[in-house]
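Participant: One file is attached below, upload.csv, containing CSV, C-alpha atoms (C1' of nucleotides).
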```
chain,number,residue,atom,x,y,z
A,1,MET,CA,29.8,-50.4,62.1
A,2,THR,CA,30.9,-47.3,60.4
A,3,VAL,CA,34.5,-46.9,60.0
A,4,SER,CA,36.2,-44.7,57.4
A,5,ARG,CA,39.8,-44.0,56.5
A,6,THR,CA,40.6,-41.2,58.9
A,7,ALA,CA,43.9,-40.5,60.5
A,8,GLY,CA,43.9,-41.9,64.0
A,9,ASP,CA,44.7,-39.2,66.6
A,10,GLY,CA,45.3,-41.7,69.3
A,11,ALA,CA,45.0,-40.7,72.9
A,12,LYS,CA,44.3,-37.0,72.9
A,13,ALA,CA,45.3,-34.7,75.7
A,14,GLN,CA,43.3,-34.8,78.9
A,15,ARG,CA,40.3,-32.6,79.4
A,16,ALA,CA,41.7,-29.7,81.3
A,17,THR,CA,39.1,-29.6,83.9
A,18,GLY,CA,40.9,-30.8,87.0
A,19,LYS,CA,37.5,-32.2,88.0
A,20,ALA,CA,38.3,-35.8,88.6
A,21,GLY,CA,38.7,-39.2,87.0
A,22,GLU,CA,36.7,-38.2,84.0
A,23,ASN,CA,38.1,-39.1,80.6
A,24,SER,CA,39.6,-42.4,79.6
A,25,ALA,CA,39.6,-44.3,76.3
A,26,ILE,CA,36.2,-44.9,74.7
A,27,GLU,CA,35.2,-48.5,74.8
A,28,LEU,CA,34.1,-50.3,71.7
A,29,GLY,CA,32.3,-52.9,73.8
A,30,GLU,CA,30.2,-55.3,71.8
A,31,LEU,CA,31.1,-53.6,68.6
A,32,ALA,CA,34.4,-55.3,68.6
A,33,GLU,CA,32.8,-58.7,68.7
A,34,MET,CA,30.4,-58.2,65.8
A,35,LEU,CA,31.8,-59.3,62.5
A,36,GLY,CA,30.8,-56.3,60.5
A,37,TYR,CA,32.9,-53.8,62.4
A,38,PRO,CA,36.3,-55.4,62.2
A,39,LEU,CA,35.5,-56.6,58.7
A,40,LYS,CA,34.9,-53.1,57.4
A,41,ARG,CA,37.9,-51.7,59.3
A,42,ALA,CA,40.1,-54.4,57.9
A,43,GLN,CA,38.8,-53.9,54.4
A,44,LEU,CA,39.6,-50.2,54.5
A,45,LYS,CA,43.1,-50.9,55.8
A,46,ILE,CA,43.8,-53.4,53.1
A,47,PHE,CA,42.6,-51.2,50.4
A,48,ASP,CA,44.5,-48.3,51.8
A,49,ASP,CA,47.7,-50.3,51.8
A,50,PHE,CA,47.0,-51.6,48.3
A,51,LEU,CA,46.7,-48.0,47.1
A,52,ARG,CA,50.0,-47.1,48.7
A,53,CYS,CA,51.8,-50.1,47.2
A,54,MET,CA,50.3,-49.4,43.9
A,55,ALA,CA,51.0,-45.7,43.9
A,56,PRO,CA,53.8,-45.9,41.3
A,57,LEU,CA,51.4,-47.5,38.8
A,58,GLN,CA,48.4,-45.5,39.8
A,59,LEU,CA,46.0,-48.4,39.8
A,60,THR,CA,43.0,-48.7,42.1
A,61,PRO,CA,41.9,-52.1,43.4
A,62,ALA,CA,39.0,-52.0,41.0
A,63,GLN,CA,41.2,-51.2,38.0
A,64,PHE,CA,43.7,-53.9,39.0
A,65,SER,CA,40.9,-56.4,39.2
A,66,VAL,CA,39.7,-55.5,35.7
A,67,LEU,CA,43.2,-55.9,34.2
A,68,LEU,CA,43.6,-59.3,36.0
A,69,LEU,CA,40.3,-60.5,34.6
A,70,LEU,CA,41.1,-59.3,31.1
A,71,GLU,CA,44.4,-61.1,31.2
A,72,ARG,CA,42.8,-64.4,32.3
A,73,ASN,CA,39.7,-64.0,30.1
A,74,PRO,CA,40.6,-62.1,26.9
A,75,GLY,CA,37.9,-61.2,24.4
A,76,ARG,CA,35.0,-61.0,26.8
A,77,ASN,CA,32.6,-58.1,26.5
A,78,GLN,CA,31.9,-55.3,28.9
A,79,THR,CA,28.8,-56.9,30.4
A,80,GLU,CA,30.6,-60.1,31.3
A,81,ILE,CA,33.6,-58.4,32.9
A,82,ALA,CA,31.5,-55.9,34.7
A,83,THR,CA,29.0,-58.2,36.2
A,84,THR,CA,31.6,-60.7,37.2
A,85,LEU,CA,33.2,-58.0,39.3
A,86,GLY,CA,29.9,-56.7,40.6
A,87,ILE,CA,30.2,-53.5,38.6
A,88,LEU,CA,27.0,-52.2,37.0
A,89,ARG,CA,27.3,-51.8,33.3
A,90,PRO,CA,26.7,-48.1,33.3
A,91,ASN,CA,29.4,-47.5,35.8
A,92,PHE,CA,31.8,-49.7,33.9
A,93,VAL,CA,31.8,-47.4,30.9
A,94,ALA,CA,33.8,-44.6,32.5
A,95,MET,CA,36.1,-47.0,34.1
A,96,LEU,CA,36.9,-48.6,30.8
A,97,ASP,CA,37.3,-45.2,29.1
A,98,SER,CA,40.0,-44.4,31.7
A,99,LEU,CA,41.9,-47.7,31.1
A,100,GLU,CA,41.6,-47.3,27.4
A,101,ASN,CA,42.8,-43.7,27.5
A,102,ARG,CA,45.8,-44.9,29.3
A,103,GLU,CA,46.2,-47.5,26.6
A,104,LEU,CA,46.1,-50.4,29.1
A,105,CYS,CA,43.3,-52.1,27.3
A,106,ALA,CA,41.2,-51.8,24.1
A,107,ARG,CA,37.7,-52.3,23.0
A,108,VAL,CA,37.5,-54.3,19.8
A,109,ARG,CA,34.2,-54.4,18.0
A,110,SER,CA,32.9,-58.0,17.6
A,111,VAL,CA,32.2,-59.2,14.2
A,112,ASN,CA,29.6,-61.8,15.3
A,113,ASP,CA,27.7,-59.3,17.4
A,114,ARG,CA,28.2,-55.8,16.4
A,115,ARG,CA,26.7,-54.5,19.6
A,116,SER,CA,29.4,-55.8,21.9
A,117,HIS,CA,33.1,-55.1,22.4
A,118,HIS,CA,35.8,-57.7,22.9
A,119,LEU,CA,38.0,-56.5,25.7
A,120,VAL,CA,41.7,-57.1,25.5
A,121,LEU,CA,44.9,-56.0,27.2
A,122,THR,CA,47.3,-54.0,25.2
A,123,ASP,CA,51.0,-54.8,25.4
A,124,LYS,CA,51.4,-51.8,27.7
A,125,GLY,CA,48.5,-53.2,29.7
A,126,LYS,CA,50.2,-56.5,30.0
A,127,ALA,CA,53.5,-54.9,31.1
A,128,VAL,CA,51.8,-52.7,33.7
A,129,LEU,CA,49.8,-55.6,35.0
A,130,ALA,CA,53.0,-57.7,35.4
A,131,ARG,CA,54.6,-54.9,37.4
A,132,ALA,CA,51.5,-54.5,39.4
A,133,LYS,CA,51.4,-58.1,40.4
A,134,LYS,CA,55.0,-57.9,41.5
A,135,LEU,CA,54.3,-54.9,43.6
A,136,VAL,CA,51.3,-56.5,45.2
A,137,ALA,CA,53.1,-59.7,45.9
A,138,ALA,CA,56.3,-58.1,47.2
A,139,LYS,CA,54.8,-55.3,49.3
A,140,HIS,CA,51.2,-56.0,50.0
A,141,GLU,CA,50.6,-59.7,50.3
A,142,ALA,CA,54.0,-60.3,51.8
A,143,ARG,CA,53.2,-58.0,54.7
A,144,LEU,CA,50.1,-59.9,55.3
A,145,ASN,CA,51.9,-63.2,55.4
A,146,GLU,CA,54.2,-61.6,57.9
A,147,LEU,CA,51.4,-60.5,60.1
A,148,LEU,CA,49.2,-63.6,60.0
A,149,GLY,CA,51.4,-66.4,58.7
A,150,PRO,CA,50.6,-68.2,55.4
A,151,ALA,CA,48.3,-70.8,57.0
A,152,ASN,CA,46.2,-68.2,58.8
A,153,ARG,CA,46.1,-66.0,55.7
A,154,ALA,CA,44.8,-68.9,53.6
A,155,ALA,CA,42.2,-69.7,56.2
A,156,LEU,CA,41.1,-66.1,56.3
A,157,VAL,CA,40.7,-65.9,52.6
A,158,ALA,CA,38.8,-69.2,52.6
A,159,MET,CA,36.3,-68.0,55.3
A,160,LEU,CA,35.8,-64.7,53.5
A,161,THR,CA,35.2,-66.5,50.2
A,162,ARG,CA,32.7,-68.7,52.0
A,163,ILE,CA,30.8,-65.7,53.4
A,164,ALA,CA,30.9,-64.0,50.0
A,165,GLU,CA,29.5,-67.0,48.2
A,166,GLU,CA,27.3,-68.8,50.6
A,167,PHE,CA,26.0,-66.3,53.0
B,1,MET,CA,39.2,-55.8,43.5
B,2,THR,CA,36.0,-54.0,42.8
B,3,VAL,CA,32.9,-55.7,43.9
B,4,SER,CA,29.5,-54.2,44.5
B,5,ARG,CA,26.1,-55.4,45.6
B,6,THR,CA,24.6,-56.3,42.3
B,7,ALA,CA,22.3,-59.2,41.7
B,8,GLY,CA,24.1,-62.2,40.3
B,9,ASP,CA,22.7,-63.4,37.0
B,10,GLY,CA,24.5,-66.8,37.2
B,11,ALA,CA,25.2,-68.7,34.1
B,12,LYS,CA,23.6,-66.9,31.3
B,13,ALA,CA,22.3,-68.4,28.1
B,14,GLN,CA,24.9,-69.5,25.6
B,15,ARG,CA,25.9,-67.2,22.8
B,16,ALA,CA,23.8,-68.2,19.9
B,17,THR,CA,26.5,-68.5,17.4
B,18,GLY,CA,26.9,-72.2,16.8
B,19,LYS,CA,30.5,-71.5,16.3
B,20,ALA,CA,32.1,-73.9,18.7
B,21,GLY,CA,33.3,-74.3,22.3
B,22,GLU,CA,33.3,-70.6,22.9
B,23,ASN,CA,31.7,-69.2,26.1
B,24,SER,CA,32.2,-70.8,29.5
B,25,ALA,CA,32.4,-69.2,33.0
B,26,ILE,CA,34.7,-66.3,33.5
B,27,GLU,CA,37.7,-67.3,35.7
B,28,LEU,CA,38.6,-65.1,38.6
B,29,GLY,CA,42.1,-66.6,38.6
B,30,GLU,CA,44.6,-65.0,41.0
B,31,LEU,CA,41.9,-62.5,42.1
B,32,ALA,CA,40.4,-65.2,44.3
B,33,GLU,CA,43.7,-65.7,46.1
B,34,MET,CA,44.3,-62.0,46.9
B,35,LEU,CA,42.9,-61.0,50.2
B,36,GLY,CA,41.3,-57.7,49.1
B,37,TYR,CA,38.8,-59.2,46.7
B,38,PRO,CA,37.1,-61.7,48.9
B,39,LEU,CA,37.4,-59.3,51.8
B,40,LYS,CA,35.4,-56.6,50.0
B,41,ARG,CA,32.8,-59.1,48.7
B,42,ALA,CA,32.3,-60.5,52.2
B,43,GLN,CA,32.0,-57.1,53.6
B,44,LEU,CA,29.3,-56.2,51.2
B,45,LYS,CA,27.4,-59.4,51.9
B,46,ILE,CA,27.6,-58.9,55.6
B,47,PHE,CA,26.4,-55.3,55.4
B,48,ASP,CA,23.7,-56.3,53.1
B,49,ASP,CA,22.5,-59.0,55.4
B,50,PHE,CA,22.7,-56.6,58.4
B,51,LEU,CA,20.5,-54.1,56.5
B,52,ARG,CA,17.9,-56.8,55.8
B,53,CYS,CA,17.9,-58.0,59.4
B,54,MET,CA,17.6,-54.5,60.7
B,55,ALA,CA,14.9,-53.4,58.2
B,56,PRO,CA,12.1,-53.3,60.8
B,57,LEU,CA,14.2,-50.8,62.9
B,58,GLN,CA,15.6,-48.9,59.9
B,59,LEU,CA,19.1,-48.8,61.3
B,60,THR,CA,22.2,-48.8,59.1
B,61,PRO,CA,25.4,-50.4,60.4
B,62,ALA,CA,26.8,-46.9,61.0
B,63,GLN,CA,23.8,-45.8,63.0
B,64,PHE,CA,23.8,-49.0,65.0
B,65,SER,CA,27.4,-48.5,65.9
B,66,VAL,CA,26.8,-45.0,67.1
B,67,LEU,CA,24.0,-46.2,69.3
B,68,LEU,CA,26.1,-49.0,70.7
B,69,LEU,CA,28.9,-46.6,71.5
B,70,LEU,CA,26.6,-44.1,73.1
B,71,GLU,CA,25.2,-46.8,75.3
B,72,ARG,CA,28.6,-47.9,76.4
B,73,ASN,CA,30.1,-44.4,76.7
B,74,PRO,CA,27.3,-42.0,77.6
B,75,GLY,CA,28.1,-38.3,77.8
B,76,ARG,CA,30.9,-38.2,75.3
B,77,ASN,CA,31.0,-35.4,72.8
B,78,GLN,CA,30.7,-35.6,69.0
B,79,THR,CA,34.3,-35.4,68.2
B,80,GLU,CA,35.1,-38.4,70.5
B,81,ILE,CA,32.3,-40.6,69.2
B,82,ALA,CA,32.9,-39.7,65.5
B,83,THR,CA,36.7,-40.2,65.5
B,84,THR,CA,36.4,-43.5,67.4
B,85,LEU,CA,34.2,-44.8,64.6
B,86,GLY,CA,36.4,-43.2,61.9
B,87,ILE,CA,33.7,-40.7,61.0
B,88,LEU,CA,34.9,-37.2,60.1
B,89,ARG,CA,33.3,-34.6,62.3
B,90,PRO,CA,31.6,-32.7,59.5
B,91,ASN,CA,29.9,-35.9,58.3
B,92,PHE,CA,28.9,-36.8,61.8
B,93,VAL,CA,26.7,-33.8,62.2
B,94,ALA,CA,24.0,-34.8,59.7
B,95,MET,CA,24.1,-38.3,61.1
B,96,LEU,CA,23.5,-37.1,64.6
B,97,ASP,CA,20.7,-34.8,63.4
B,98,SER,CA,19.0,-37.8,61.9
B,99,LEU,CA,19.3,-39.9,65.1
B,100,GLU,CA,18.2,-36.9,67.2
B,101,ASN,CA,15.2,-36.2,64.9
B,102,ARG,CA,14.1,-39.8,65.5
B,103,GLU,CA,14.5,-39.2,69.2
B,104,LEU,CA,17.0,-42.0,69.6
B,105,CYS,CA,19.7,-39.8,71.1
B,106,ALA,CA,20.1,-36.2,72.3
B,107,ARG,CA,22.7,-33.5,72.4
B,108,VAL,CA,23.1,-32.0,75.8
B,109,ARG,CA,25.1,-28.8,76.1
B,110,SER,CA,28.0,-29.3,78.4
B,111,VAL,CA,28.3,-26.9,81.4
B,112,ASN,CA,32.0,-27.3,81.7
B,113,ASP,CA,32.7,-26.7,78.1
B,114,ARG,CA,29.9,-24.8,76.4
B,115,ARG,CA,31.3,-25.6,72.9
B,116,SER,CA,30.6,-29.3,73.2
B,117,HIS,CA,27.6,-31.6,73.5
B,118,HIS,CA,27.3,-34.6,75.8
B,119,LEU,CA,25.7,-37.3,73.7
B,120,VAL,CA,23.2,-39.6,75.4
B,121,LEU,CA,20.7,-42.2,74.4
B,122,THR,CA,17.0,-41.4,75.0
B,123,ASP,CA,14.8,-44.0,76.5
B,124,LYS,CA,13.4,-44.7,73.1
B,125,GLY,CA,17.0,-45.0,71.9
B,126,LYS,CA,17.8,-47.5,74.5
B,127,ALA,CA,14.7,-49.5,73.7
B,128,VAL,CA,15.4,-49.5,69.9
B,129,LEU,CA,19.0,-50.5,70.6
B,130,ALA,CA,17.9,-53.4,72.7
B,131,ARG,CA,15.6,-54.6,70.0
B,132,ALA,CA,18.4,-54.1,67.4
B,133,LYS,CA,20.8,-56.2,69.4
B,134,LYS,CA,18.3,-59.0,69.6
B,135,LEU,CA,17.7,-58.8,65.9
B,136,VAL,CA,21.4,-58.9,65.1
B,137,ALA,CA,22.1,-61.7,67.4
B,138,ALA,CA,19.1,-63.8,66.4
B,139,LYS,CA,19.2,-63.3,62.7
B,140,HIS,CA,22.5,-62.0,61.6
B,141,GLU,CA,25.2,-63.4,63.8
B,142,ALA,CA,23.4,-66.6,64.3
B,143,ARG,CA,23.6,-67.3,60.6
B,144,LEU,CA,27.3,-66.7,60.7
B,145,ASN,CA,27.8,-69.2,63.4
B,146,GLU,CA,25.8,-71.6,61.4
B,147,LEU,CA,28.0,-71.1,58.4
B,148,LEU,CA,31.4,-71.0,60.0
B,149,GLY,CA,31.0,-72.4,63.4
B,150,PRO,CA,31.7,-70.4,66.6
B,151,ALA,CA,35.4,-71.2,66.7
B,152,ASN,CA,36.1,-70.2,63.1
B,153,ARG,CA,33.9,-67.2,63.5
B,154,ALA,CA,36.0,-66.0,66.5
B,155,ALA,CA,39.2,-66.7,64.7
B,156,LEU,CA,37.9,-64.7,61.8
B,157,VAL,CA,37.1,-61.7,63.9
B,158,ALA,CA,40.4,-62.0,65.6
B,159,MET,CA,42.4,-61.9,62.4
B,160,LEU,CA,40.3,-59.0,61.0
B,161,THR,CA,40.9,-57.1,64.2
B,162,ARG,CA,44.6,-57.8,63.9
B,163,ILE,CA,44.7,-56.5,60.4
B,164,ALA,CA,42.6,-53.4,61.3
B,165,GLU,CA,44.8,-52.5,64.2
B,166,GLU,CA,48.3,-53.7,63.3
B,167,PHE,CA,48.6,-53.6,59.5
C,1,DC,C1',45.0,-9.6,77.2
C,2,DT,C1',46.3,-11.7,72.9
C,3,DA,C1',47.1,-15.7,70.2
C,4,DT,C1',46.1,-20.3,69.5
C,5,DT,C1',43.3,-24.4,69.7
C,6,DT,C1',39.1,-26.9,70.0
C,7,DT,C1',34.1,-27.8,69.0
C,8,DG,C1',30.2,-28.1,66.3
C,9,DA,C1',28.6,-26.6,62.1
C,10,DT,C1',28.2,-25.2,57.0
C,11,DA,C1',29.3,-25.4,52.3
C,12,DT,C1',31.2,-27.8,48.8
C,13,DG,C1',33.6,-31.2,45.9
C,14,DA,C1',34.9,-35.9,44.7
C,15,DT,C1',33.7,-40.6,44.2
C,16,DG,C1',31.0,-44.9,44.1
C,17,DG,C1',26.9,-47.0,43.4
C,18,DA,C1',22.1,-47.3,41.4
C,19,DT,C1',18.1,-46.6,38.1
C,20,DA,C1',15.8,-45.1,33.9
C,21,DA,C1',16.0,-44.4,29.2
C,22,DC,C1',17.9,-44.7,24.5
C,23,DA,C1',19.9,-46.2,19.8
C,24,DA,C1',21.8,-49.9,17.5
C,25,DT,C1',21.8,-54.5,16.9
C,26,DT,C1',20.3,-59.2,17.5
C,27,DA,C1',17.0,-62.9,18.8
C,28,DT,C1',12.4,-64.8,19.0
C,29,DC,C1',8.6,-66.8,17.0
C,30,DG,C1',3.9,-66.3,15.0
D,1,DC,C1',9.5,-62.8,6.4
D,2,DG,C1',8.3,-59.4,9.7
D,3,DA,C1',6.7,-57.6,14.1
D,4,DT,C1',8.1,-57.9,18.9
D,5,DA,C1',11.2,-58.6,22.5
D,6,DA,C1',15.8,-58.8,24.4
D,7,DT,C1',20.7,-57.4,24.7
D,8,DT,C1',24.8,-54.2,24.4
D,9,DG,C1',27.0,-50.1,25.3
D,10,DT,C1',25.9,-45.6,26.6
D,11,DT,C1',24.2,-41.2,28.7
D,12,DA,C1',22.0,-38.7,32.2
D,13,DT,C1',20.9,-38.4,36.7
D,14,DC,C1',20.3,-39.3,41.6
D,15,DC,C1',21.8,-40.7,46.1
D,16,DA,C1',25.0,-41.8,49.7
D,17,DT,C1',29.6,-41.6,51.4
D,18,DC,C1',33.8,-39.4,52.1
D,19,DA,C1',36.9,-35.4,52.3
D,20,DT,C1',38.5,-30.5,52.7
D,21,DA,C1',38.2,-25.7,53.8
D,22,DT,C1',36.2,-22.4,56.6
D,23,DC,C1',33.6,-20.3,60.4
D,24,DA,C1',31.8,-18.5,65.0
D,25,DA,C1',31.8,-19.5,69.7
D,26,DA,C1',34.2,-20.9,73.4
D,27,DA,C1',38.2,-22.5,75.8
D,28,DT,C1',43.2,-22.7,76.6
D,29,DA,C1',48.1,-21.1,76.5
D,30,DG,C1',51.6,-17.8,77.1
```
Written as C-alpha cells, that's how I'd like the structure from this file.

Facilitator:
Amino acid sequence: MTVSRTAGDGAKAQRATGKAGENSAIELGELAEMLGYPLKRAQLKIFDDFLRCMAPLQLTPAQFSVLLLLERNPGRNQTEIATTLGILRPNFVAMLDSLENRELCARVRSVNDRRSHHLVLTDKGKAVLARAKKLVAAKHEARLNELLGPANRAALVAMLTRIAEEF
Amino acid sequence: MTVSRTAGDGAKAQRATGKAGENSAIELGELAEMLGYPLKRAQLKIFDDFLRCMAPLQLTPAQFSVLLLLERNPGRNQTEIATTLGILRPNFVAMLDSLENRELCARVRSVNDRRSHHLVLTDKGKAVLARAKKLVAAKHEARLNELLGPANRAALVAMLTRIAEEF
DNA sequence: CTATTTTGATATGATGGATAACAATTATCG
DNA sequence: CGATAATTGTTATCCATCATATCAAAATAG
C-alpha cells in the first residue's frame, strides 16, 4: 500500500533497446487483493473528486464535515466537535480560525463555563453549507450511484462503517 | 470528512451544570451517509491495524507494497515502481534508501541504460517479505474475513477497485 | 552534432498529524 | 473554605507525507 494522487502516465513508450520481449505492464499481483491498497486508492480518488466538485466553494472534506456537524449539533464546544471528527484539539484551532475568518462559523463564549466556546454556524455558513450539500449530491454522490448503483453504494458504506467502528 | 487516528474517549462525563437535558451524544447526521467519511475512517483503521500486525517486521504499508512489487516485478527501475504505486520519484528516493540500508532490496546499475537502476529484492528482503505476508494473512486479513465474511470482503475490494480505477 | 528527453537525485515548501506545555477556569474533596 | 486536580483553548514544535523546481548524467531524436 502506498498510493498518492499523482497523475497517471499510463503505458509509456517502449524501451528503445530492440533487445527483445522486455517491458510490459507492471503487475500489482497480490497487492490488488489486499484490502488496504484499493481502499487507499479509492479514498484518494473520492477526496480528489470531492475537492473538484467543491472548488467553487473552496471547502475541503474536513471543513465540510465540520460545517455539517455544527449544523446538526449547534452550540457544542471545540473539544466535542474535534474529537468526534478525530481531529486533535490543537490542530482544530487553526481550522476553526480559518472558518471563522471566512465568517462561516463563530465562537461564542459560554456563560456556564467561561473556558469553552459554543460553536455555531453564521447565516453565511448556513448558506454556504446548503450550496455545498447540493454540489456534493448533484456532482459527487450522483456519480457514485451511477458507477455502483444505489444498492451497492449503500452496501459499501455499510461495510466501511462496520470496519471503522468494529475493527 | 476529516478523521484521524485519535483515541476515542467514548461518552464523557456529564456537564456538571444541573441545568437540564443538555448534553447527549453528538450526531453525525448526513456525514455517516456520505461515502468519503466512512471511507477515510475505515482506511485509517485498516492502516492502523496493518501497522500493529507488522510491528515485528517494522514495515509500513508503503514499504510492504514496494517489496511486493519488487518480488513480482524484479529488475524494474525506480520510476516504474514509484509511479505504479503513485509515489513521486523524488519521494521514492529516500524510501528506497531506507529499504536498501536495511538490506531488503538493492539498486543495480543497468548496463543498457546507465541512468537507471534495476531494483531487486535481496535474500533478506525475500525472507522478510515472506514473513510479512504470513503476518498479514494470519492477523490482518483473517480478522477482516471474520468481520465481513469472505464474500463481502471480496465484494468490498471489487467496489473499491472499481472506484479507484473508473471514478 | 545539437537539442530534447529521461533518470535518479537534491533542496525546499506545504500540509496533516502528534505531543508537550501553558494560562484561565472549573471541579474535586479533604 | 482552600488546596489540588482536571478541563478548555491555545501555542510551539516535531515528524511524516506530499508536491514542485531544478540538476547532472545519460540516452534519444532529428

Participant: Need the shell around Glu166 of chain B: protein/DNA/RNA residues with any atom at most 10 Å away, counting only C-alpha atoms (C1' of nucleotides). Skip same-chain ones fewer than 5 positions apart. Format as a ChimeraX atom specification?

Facilitator: /A:42,45,147 /B:160-161

Participant: One decimal, Å: what's the distance from atom CA of Arg115 of chain B over to atom C1' of DA29 of chain D, could you say?

Facilitator: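 Computed distance, atom CA of Arg115 of chain B to atom C1' of DA29 of chain D, equals 17.8 Å.
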
Participant: Hey, list the chain C side of the contact with chain B: 12 Å cut-off, all atoms listed in the file, answer as a ChimeraX atom specification.

Facilitator: /C:6-12,16-18,26-28

Participant: Residues near Gly125 of chain B, anyone? I mean within 8 Å using only C-alpha atoms (C1' of nucleotides), not counting same-chain ones fewer than 6 positions away, as an mmCIF file with C-alpha atoms, keeping the file's coordinate frame.

Facilitator:
```
data_model
loop_
_atom_site.group_PDB
_atom_site.id
_atom_site.type_symbol
_atom_site.label_atom_id
_atom_site.label_comp_id
_atom_site.auth_asym_id
_atom_site.auth_seq_id
_atom_site.Cartn_x
_atom_site.Cartn_y
_atom_site.Cartn_z
ATOM 1 C CA LEU B 67 24.000 -46.200 69.300
ATOM 2 C CA GLU B 103 14.500 -39.200 69.200
ATOM 3 C CA LEU B 104 17.000 -42.000 69.600
ATOM 4 C CA CYS B 105 19.700 -39.800 71.100
#
```

Participant: Which residues of chain B are close to chain A, meaning at most 7 Å apart when you count all atoms listed in the file, and how do they look as a ChimeraX atom specification?

Facilitator: /B:1-6,26-29,31,35-36,38-43,45-47,61-62,64-65,69,72-73,85-87,156-157,160-161,163-164

Participant: With C-alpha atoms retained, write the just-selected residues as a PDB file, in the coordinates of the input.

Facilitator:
```pdb
ATOM      1  CA  MET B   1      39.200 -55.800  43.500  1.00  0.00           C
ATOM      2  CA  THR B   2      36.000 -54.000  42.800  1.00  0.00           C
ATOM      3  CA  VAL B   3      32.900 -55.700  43.900  1.00  0.00           C
ATOM      4  CA  SER B   4      29.500 -54.200  44.500  1.00  0.00           C
ATOM      5  CA  ARG B   5      26.100 -55.400  45.600  1.00  0.00           C
ATOM      6  CA  THR B   6      24.600 -56.300  42.300  1.00  0.00           C
ATOM      7  CA  ILE B  26      34.700 -66.300  33.500  1.00  0.00           C
ATOM      8  CA  GLU B  27      37.700 -67.300  35.700  1.00  0.00           C
ATOM      9  CA  LEU B  28      38.600 -65.100  38.600  1.00  0.00           C
ATOM     10  CA  GLY B  29      42.100 -66.600  38.600  1.00  0.00           C
ATOM     11  CA  LEU B  31      41.900 -62.500  42.100  1.00  0.00           C
ATOM     12  CA  LEU B  35      42.900 -61.000  50.200  1.00  0.00           C
ATOM     13  CA  GLY B  36      41.300 -57.700  49.100  1.00  0.00           C
ATOM     14  CA  PRO B  38      37.100 -61.700  48.900  1.00  0.00           C
ATOM     15  CA  LEU B  39      37.400 -59.300  51.800  1.00  0.00           C
ATOM     16  CA  LYS B  40      35.400 -56.600  50.000  1.00  0.00           C
ATOM     17  CA  ARG B  41      32.800 -59.100  48.700  1.00  0.00           C
ATOM     18  CA  ALA B  42      32.300 -60.500  52.200  1.00  0.00           C
ATOM     19  CA  GLN B  43      32.000 -57.100  53.600  1.00  0.00           C
ATOM     20  CA  LYS B  45      27.400 -59.400  51.900  1.00  0.00           C
ATOM     21  CA  ILE B  46      27.600 -58.900  55.600  1.00  0.00           C
ATOM     22  CA  PHE B  47      26.400 -55.300  55.400  1.00  0.00           C
ATOM     23  CA  PRO B  61      25.400 -50.400  60.400  1.00  0.00           C
ATOM     24  CA  ALA B  62      26.800 -46.900  61.000  1.00  0.00           C
ATOM     25  CA  PHE B  64      23.800 -49.000  65.000  1.00  0.00           C
ATOM     26  CA  SER B  65      27.400 -48.500  65.900  1.00  0.00           C
ATOM     27  CA  LEU B  69      28.900 -46.600  71.500  1.00  0.00           C
ATOM     28  CA  ARG B  72      28.600 -47.900  76.400  1.00  0.00           C
ATOM     29  CA  ASN B  73      30.100 -44.400  76.700  1.00  0.00           C
ATOM     30  CA  LEU B  85      34.200 -44.800  64.600  1.00  0.00           C
ATOM     31  CA  GLY B  86      36.400 -43.200  61.900  1.00  0.00           C
ATOM     32  CA  ILE B  87      33.700 -40.700  61.000  1.00  0.00           C
ATOM     33  CA  LEU B 156      37.900 -64.700  61.800  1.00  0.00           C
ATOM     34  CA  VAL B 157      37.100 -61.700  63.900  1.00  0.00           C
ATOM     35  CA  LEU B 160      40.300 -59.000  61.000  1.00  0.00           C
ATOM     36  CA  THR B 161      40.900 -57.100  64.200  1.00  0.00           C
ATOM     37  CA  ILE B 163      44.700 -56.500  60.400  1.00  0.00           C
ATOM     38  CA  ALA B 164      42.600 -53.400  61.300  1.00  0.00           C
TER      39      ALA B 164
END
```

Participant: Would you mind telling me which residue in A:Leu59, A:Leu51, A:Leu96, A:Leu121 lies nearest to chain D when using all atoms listed in the file?

Facilitator: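 Counting all atoms listed in the file, the residue closest to chain D is A:Leu96.
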
Participant: So what do you get for atom CA of Leu57 of chain B versus atom CA of Ser98 of chain B, distance-wise?

Facilitator: 13.9 Å

Participant: Have a look at atom C1' of DC29 of chain C and atom C1' of DT4 of chain D and let me know their distance in Å, one decimal.

Facilitator: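 Taking atom C1' of DC29 of chain C and atom C1' of DT4 of chain D, their separation equals 9.1 Å.
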
Participant: May I ask which of the residues D:DA3, D:DT13, D:DA21, D:DT28 is the closest one to chain A, counting only C-alpha atoms (C1' of nucleotides)?

Facilitator: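 For chain A, the nearest of the given residues is D:DT28.
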
Participant: May I ask which of the residues B:Leu119, B:Ala106, B:Ala55, B:Met95 is the closest one to chain D, counting all atoms listed in the file?

Facilitator: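 Using all atoms listed in the file, the shortest distance to chain D belongs to B:Met95.
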
Participant: I'd like a table as a tab-separated table: residues in chain D with an atom no more than 12 Å from chain B, each row giving the shortest atom pair and its distance in Å to one decimal, all atoms listed in the file counted, sorted by chain and rising residue number.

Facilitator:
```
residue	atom	partner	partner_atom	distance
D:DT7	C1'	B:Arg15	CA	11.3
D:DA16	C1'	B:Asn91	CA	11.5
D:DT17	C1'	B:Asn91	CA	9.0
D:DC18	C1'	B:Asn91	CA	8.1
D:DA19	C1'	B:Leu88	CA	8.3
D:DT20	C1'	B:Pro90	CA	9.9
D:DA21	C1'	B:Pro90	CA	11.2
D:DT22	C1'	B:Pro90	CA	11.6
D:DA24	C1'	B:Arg115	CA	10.6
D:DA25	C1'	B:Arg115	CA	6.9
D:DA26	C1'	B:Arg115	CA	5.5
D:DA27	C1'	B:Asp113	CA	7.3
D:DT28	C1'	B:Asp113	CA	11.3
```
